[in-house]
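*Asks:* My structure is below; once you've seen it, I'll send some questions.
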Amino acid sequence: MLVPLSWLKEYVDIDVSASELEGRLFSSGFEVEEMHEVGKDISGVVVGEVLECEPIPETHLHVCKVNVGKDEPYQICCGADNVKAGGKYPVALPGAVVYATAKDHVTVEGLMTIKAGKLRGYESNGMLCSGTELGVSEGMYPGAGYNGLLVLPEDVKPGEDIKPILGLDDYIFDISITANRPDCQSIYGIAREVAAILEKPLKEPDLSYTEGSPASEGFKVNVTATDLCPRYSAHFVTDVKIGPSPAWMQRRLALVGINPISNMVDITNYILTELGQPMHAFDRTYLEGNEINVRRANDGEKITTLDEKEFTLNSSNLVICDAKKPVALAGIMGGLNSEIRDTTTEVVFEAAKFARDNIRKSSRALGQSSDSSARFSKGVDEYATVMAMKRALHLVEELGCGKVSSTKFEASVGNSVEPSLMKASIAKINGVLGIDVPAKEIERILKNLNFNPKISGDELTISVPAYREDMEDYPDIAEEVIRMYGYDHVTPTFLNTASVTAGGMTTKQKTELKLKRALTAEGLYEGIHYSFFSPADLDLLGLAGDAPERKAIRLVNPINEDLSLMRTTLAPQMIHAIARNQKRGCLEGRIFEMGSRFIPKALPLTEYPDELTTLCVGLFGKDESFFTLKGIAETVADNLFVKFTYEETKKPYLHPFQTAKILCNGKEVGYLGKVTYEIQKAEDMRESAYIMEIDLSALSCYYGTVPKFEPISKFDNQVRDLALVMSKTVTCGQVEEVIYSACPFVKDVTLFDVYEGAQIGEDKKSMAFKITFAPKEEELTNEKVDGFVKKILGNLKFKIEAEIRQ
């Protein structure tokens, strides 16, 4: 938020430089993102008094003699229509820097340096200035918006620096306020902190006013949505005289980027900036009935706001209504039907506390935001609500723009605006900080922060002001103490349970990094997706209503429906990634993701879900197939020093005859297969896609496995080819398993041919395998290998009814 230094000085006697104050704010927890000097670009401009002013014939120019506080007056040519003898205006002397109003003489972007020269043959030693050339707006100084010279007060002296007169010596701090300190979203809130930092007394804003006669008998306020509006104040002001605000108010509003409008409207904007409390002023003439109702909107109810936008509301929106219609969208913007006009004579001021979450949600849902909605969304305390109404009524009297009536109403659920007591242990506070802050220092700091501390032994008692809604327990007190005591006092220490280690990666990290490197060596690129997905993703997969994947954790407040579930499978996002690539012209590729699946033990959640690390692989392109994907699975197995087997299975989103489950030592750890044609068509894929998921959490017991050394045999391997005939229901994995179990000398089994045809029967198929036998202690003779083959064939016939092909 923008905080002018001059406005802060209204409440605190600041005796340090702007730069020092910036540093001290930062050290106490308030980051000054930028400190802007209002007139930093302007130099060499002083007050000038025109002594003589004569027109230059046949031109619009005048030649003037100007007293600039020097021994002799300066001769300056001027073309402004309001220059005259006796007038006092800003004068840019030769060498001065001002803002350029034309492209001529621009030396730096937007700036120009004044030089002595001649105009129409007359010497001109400087320039009489307008507000535009000094960067001053009408709001910052009266008359600055006129297209002519800026007229200065009569009591200024020639030669005086113009900056203090126009307020160009001011500084504006752009302060970042953390979410836990909404009480500092105001000039006065920051002033409280500055007073504590500098240990200076805080000057209270004047809240005094005098109530006159009633404005409306029987007026009442009804708050039915007390959960959304715990406090609502309304006060009548009569004999309203709409006009411009005084210069000091306009200047302050202009410095924080608010355009002055009229006295009544400016008062509400001034209170918003000064105290952080959004207010609204209704024109009483346009309020039907003698009441205000604060309620939830009816479904389909409409309102047109001050910016002439119409909105259709529902019961989640809070509205301010008269007896018949909505007149304001609560906490967001007033209605066009009750705005302040030049003809307004009676005003109803509103100050309220609205539930921050409701205002935030309504503002987002309707696509309507304002300074008020931004402030309410961050939080407004009831202390500020009460204070703001009093301050607004005081300003009405101070500006003389109306009379405060005695007609008022305040509705509240009973929340106190008085300080509340909190007790804490000094030992616990120091325990949080890890250092011993002396009790006297704690007392001094908390006193400066208006907590009225009392210490008795180890017990600390403080009075928490109602505006400090962030204070809940002793850790909050510790935070207040250390930010004022100084973070430089904190000494680095280990936690009680900490220990010094040599660092490095865990076995899990090392193994997963090894797998990633192996996959990239196979031509795969790593992808990372959100941990959330959409219910529509589960529908895309065609999963049954009772499928385990549908038992997903739903987020309470998702960003949108597409990210509303914690993912139970990585497949949908991999399918979307493949589709996106193909839509963008990338028709072949290999992608992998190593991420978490979130599997709840029960729904609704009663304990943390299982987070299972899962590898998902996606292949697409004309050169990819079920078998290239199976080769990727074997790469994973090889790097974990385990052996995978495969069995036929079914998945609704995978091809019925190109899908297999992956097993390790008899335990299912994943699946692989080809994405169905229907999904490829729905996702506009031009090339086939293949998906694999492997549960790495189930394989974590093999992490860190080290292969056993086996010396290279001095004898040659023996190879035999077997063409086998078997039922079509027998899988390659079953055959390999029987071969390996039948002979300990089998080193490798490779399928190299599959045949189906009438020659071997309709329900039969032939698979040809290359079997490698590795010798151990002695050479394998042909007789021994023939014996191994005979035993293998016997086992194949007995276990799976497979026979040698004739």
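Following the order of the structure tokens, first chain is A, next is B, and so on, with residues numbered from 1 inside each chain and ligands from 1 in the order they appear.
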Between stretch 539-634 of chain A and stretch 680-692 of chain A, at 6 Å or less, what are the per-residue closest atom pairs and their distances in Å? Count only C-alpha atoms, order by chain and rising residue number, and return it as CSV.
*Replies:*
```
residue,atom,partner,partner_atom,distance
A:Ala579,CA,A:Met685,CA,5.6
A:Cys616,CA,A:Met692,CA,5.6
A:Val617,CA,A:Met692,CA,5.1
A:Gly618,CA,A:Ile691,CA,4.7
A:Leu619,CA,A:Tyr690,CA,5.1
A:Phe620,CA,A:Ala689,CA,4.4
A:Gly621,CA,A:Glu687,CA,5.4
```
*Asks:* Put those residues in a file: N, CA, C and O atoms, as an mmCIF file, in the first residue's frame.
*Replies:*
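Writing the result to part.cif gives the following:
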```cif
data_model
loop_
_atom_site.group_PDB
_atom_site.id
_atom_site.type_symbol
_atom_site.label_atom_id
_atom_site.label_comp_id
_atom_site.auth_asym_id
_atom_site.auth_seq_id
_atom_site.Cartn_x
_atom_site.Cartn_y
_atom_site.Cartn_z
ATOM 1 N N ALA A 579 -1.522 -36.352 -26.268
ATOM 2 C CA ALA A 579 -2.452 -35.689 -27.188
ATOM 3 C C ALA A 579 -2.001 -34.267 -27.507
ATOM 4 O O ALA A 579 -2.057 -33.832 -28.665
ATOM 5 N N CYS A 616 5.195 -43.481 -14.536
ATOM 6 C CA CYS A 616 4.284 -43.580 -15.670
ATOM 7 C C CYS A 616 5.076 -43.287 -16.941
ATOM 8 O O CYS A 616 5.822 -42.307 -17.002
ATOM 9 N N VAL A 617 4.933 -44.145 -17.939
ATOM 10 C CA VAL A 617 5.642 -43.998 -19.204
ATOM 11 C C VAL A 617 4.616 -43.912 -20.329
ATOM 12 O O VAL A 617 3.645 -44.674 -20.356
ATOM 13 N N GLY A 618 4.838 -42.993 -21.257
ATOM 14 C CA GLY A 618 3.985 -42.866 -22.429
ATOM 15 C C GLY A 618 4.814 -42.848 -23.694
ATOM 16 O O GLY A 618 5.758 -42.066 -23.807
ATOM 17 N N LEU A 619 4.506 -43.733 -24.631
ATOM 18 C CA LEU A 619 5.185 -43.782 -25.926
ATOM 19 C C LEU A 619 4.172 -43.520 -27.030
ATOM 20 O O LEU A 619 3.016 -43.946 -26.927
ATOM 21 N N PHE A 620 4.577 -42.831 -28.081
ATOM 22 C CA PHE A 620 3.689 -42.639 -29.221
ATOM 23 C C PHE A 620 4.526 -42.460 -30.482
ATOM 24 O O PHE A 620 5.652 -41.982 -30.434
ATOM 25 N N GLY A 621 3.947 -42.875 -31.601
ATOM 26 C CA GLY A 621 4.650 -42.775 -32.874
ATOM 27 C C GLY A 621 4.546 -44.074 -33.650
ATOM 28 O O GLY A 621 4.252 -45.146 -33.104
#
```
*Asks:* Which residues come within 10 Å of A:Lys220, counting only C-alpha atoms, excluding same-chain residues fewer than 6 positions away, as a PyMOL selection string?
*Replies:* chain A and resi 234+289-293+407-411
*Asks:* So which one's closest to A:Leu722, A:Glu648, A:Glu199, A:Glu778, A:Asp786? Using only C-alpha atoms, please.
*Replies:*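 Selected residue with least distance to A:Leu722: A:Asp786.
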*Asks:* Enumerate, in order of chain and increasing residue number, the residues of stretch 162-267 of chain A with an atom no farther than 12 Å from stretch 483-488 of chain A, each with its shortest atom pair and distance in Å to one decimal, counting only C-alpha atoms, as JSON lines.
*Replies:*
```
{"residue": "A:Glu193", "atom": "CA", "partner": "A:Met484", "partner_atom": "CA", "distance": 9.9}
{"residue": "A:Val194", "atom": "CA", "partner": "A:Met484", "partner_atom": "CA", "distance": 11.0}
{"residue": "A:Ala195", "atom": "CA", "partner": "A:Met484", "partner_atom": "CA", "distance": 11.8}
{"residue": "A:Ala196", "atom": "CA", "partner": "A:Met484", "partner_atom": "CA", "distance": 8.4}
{"residue": "A:Ile197", "atom": "CA", "partner": "A:Met484", "partner_atom": "CA", "distance": 7.1}
{"residue": "A:Leu198", "atom": "CA", "partner": "A:Met484", "partner_atom": "CA", "distance": 10.3}
{"residue": "A:Glu199", "atom": "CA", "partner": "A:Met484", "partner_atom": "CA", "distance": 10.7}
```
*Asks:* Please identify the alpha helix (DSSP H) residues within stretch 230-348 of chain A (assignment by DSSP from backbone atoms) and present them as a compact mmCIF listing (two decimals) with C-alpha atoms, in the first residue's frame.
*Replies:*
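Result saved to part12.txt:
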```txt
# COMPACT_ATOMS: atom_id res chain seq x y z
CA ALA A 247 -6.97 21.13 -0.70
CA TRP A 248 -5.31 19.15 2.10
CA MET A 249 -7.72 16.22 1.64
CA GLN A 250 -7.47 16.29 -2.14
CA ARG A 251 -3.68 16.30 -1.93
CA ARG A 252 -3.54 13.29 0.37
CA LEU A 253 -5.92 11.30 -1.79
CA ALA A 254 -3.97 12.24 -4.92
CA LEU A 255 -0.71 11.07 -3.35
CA ASN A 263 -16.59 16.07 -0.27
CA MET A 264 -18.96 13.25 0.75
CA VAL A 265 -17.40 10.65 -1.53
CA ASP A 266 -13.90 11.84 -0.67
CA ILE A 267 -14.62 11.37 3.03
CA THR A 268 -15.34 7.65 2.47
CA ASN A 269 -12.17 7.26 0.37
CA TYR A 270 -10.18 9.18 2.96
CA ILE A 271 -11.40 6.88 5.76
CA LEU A 272 -10.55 3.82 3.65
CA THR A 273 -6.97 5.03 3.27
CA GLU A 274 -6.53 6.54 6.72
CA LEU A 275 -8.13 3.82 8.86
```
*Asks:* Which residue, A:Ala85, A:Leu449, A:Lys423, A:Val136, has the smallest gap to A:Thr461 when you use only C-alpha atoms?
*Replies:*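 Once distances to A:Thr461 are computed over only C-alpha atoms, the minimum belongs to A:Lys423.
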*Asks:* Figure out the distance between atom CA of A:Lys84 and atom CA of A:Gly143, please, to one decimal in Å.
*Replies:*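 These atoms are spaced 15.8 Å apart.
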*Asks:* I'd like the neighbourhood of stretch 387-393 of chain A as a list in words, where a residue qualifies if any of its atoms comes within 8 Å (using only C-alpha atoms), though same-chain residues fewer than 5 positions away should be ignored.
*Replies:*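 The contact residues come out as Pro205, Asp206, Leu207, Ser208, Tyr209, Ser233, Ile267, Thr268, Ile271, Leu275, Gln277, Phe349, Glu350, Ala351 and Val404 of chain A.
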*Asks:* Would you please give, as a PyMOL selection string, all residues of stretch 75-199 of chain A that DSSP assigns to strand (DSSP E) based on the backbone?
*Replies:* chain A and resi 75-78+88-99+106-108+111-113+117-119+122-124+127-128+171-176
*Asks:* Pick the closest to A:Ile242 from A:Ile261, A:Ile76, A:Leu366, A:Ile599: which is it, counting only C-alpha atoms?
*Replies:*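 For A:Ile242, the nearest of the given residues is A:Ile261.
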*Asks:* Could you tell me how far atom CA of A:Ser377 lies from atom CA of A:Arg360, in Å and to one decimal?
*Replies:*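 So the two atoms, atom CA of A:Ser377 and atom CA of A:Arg360, lie 5.0 Å apart.
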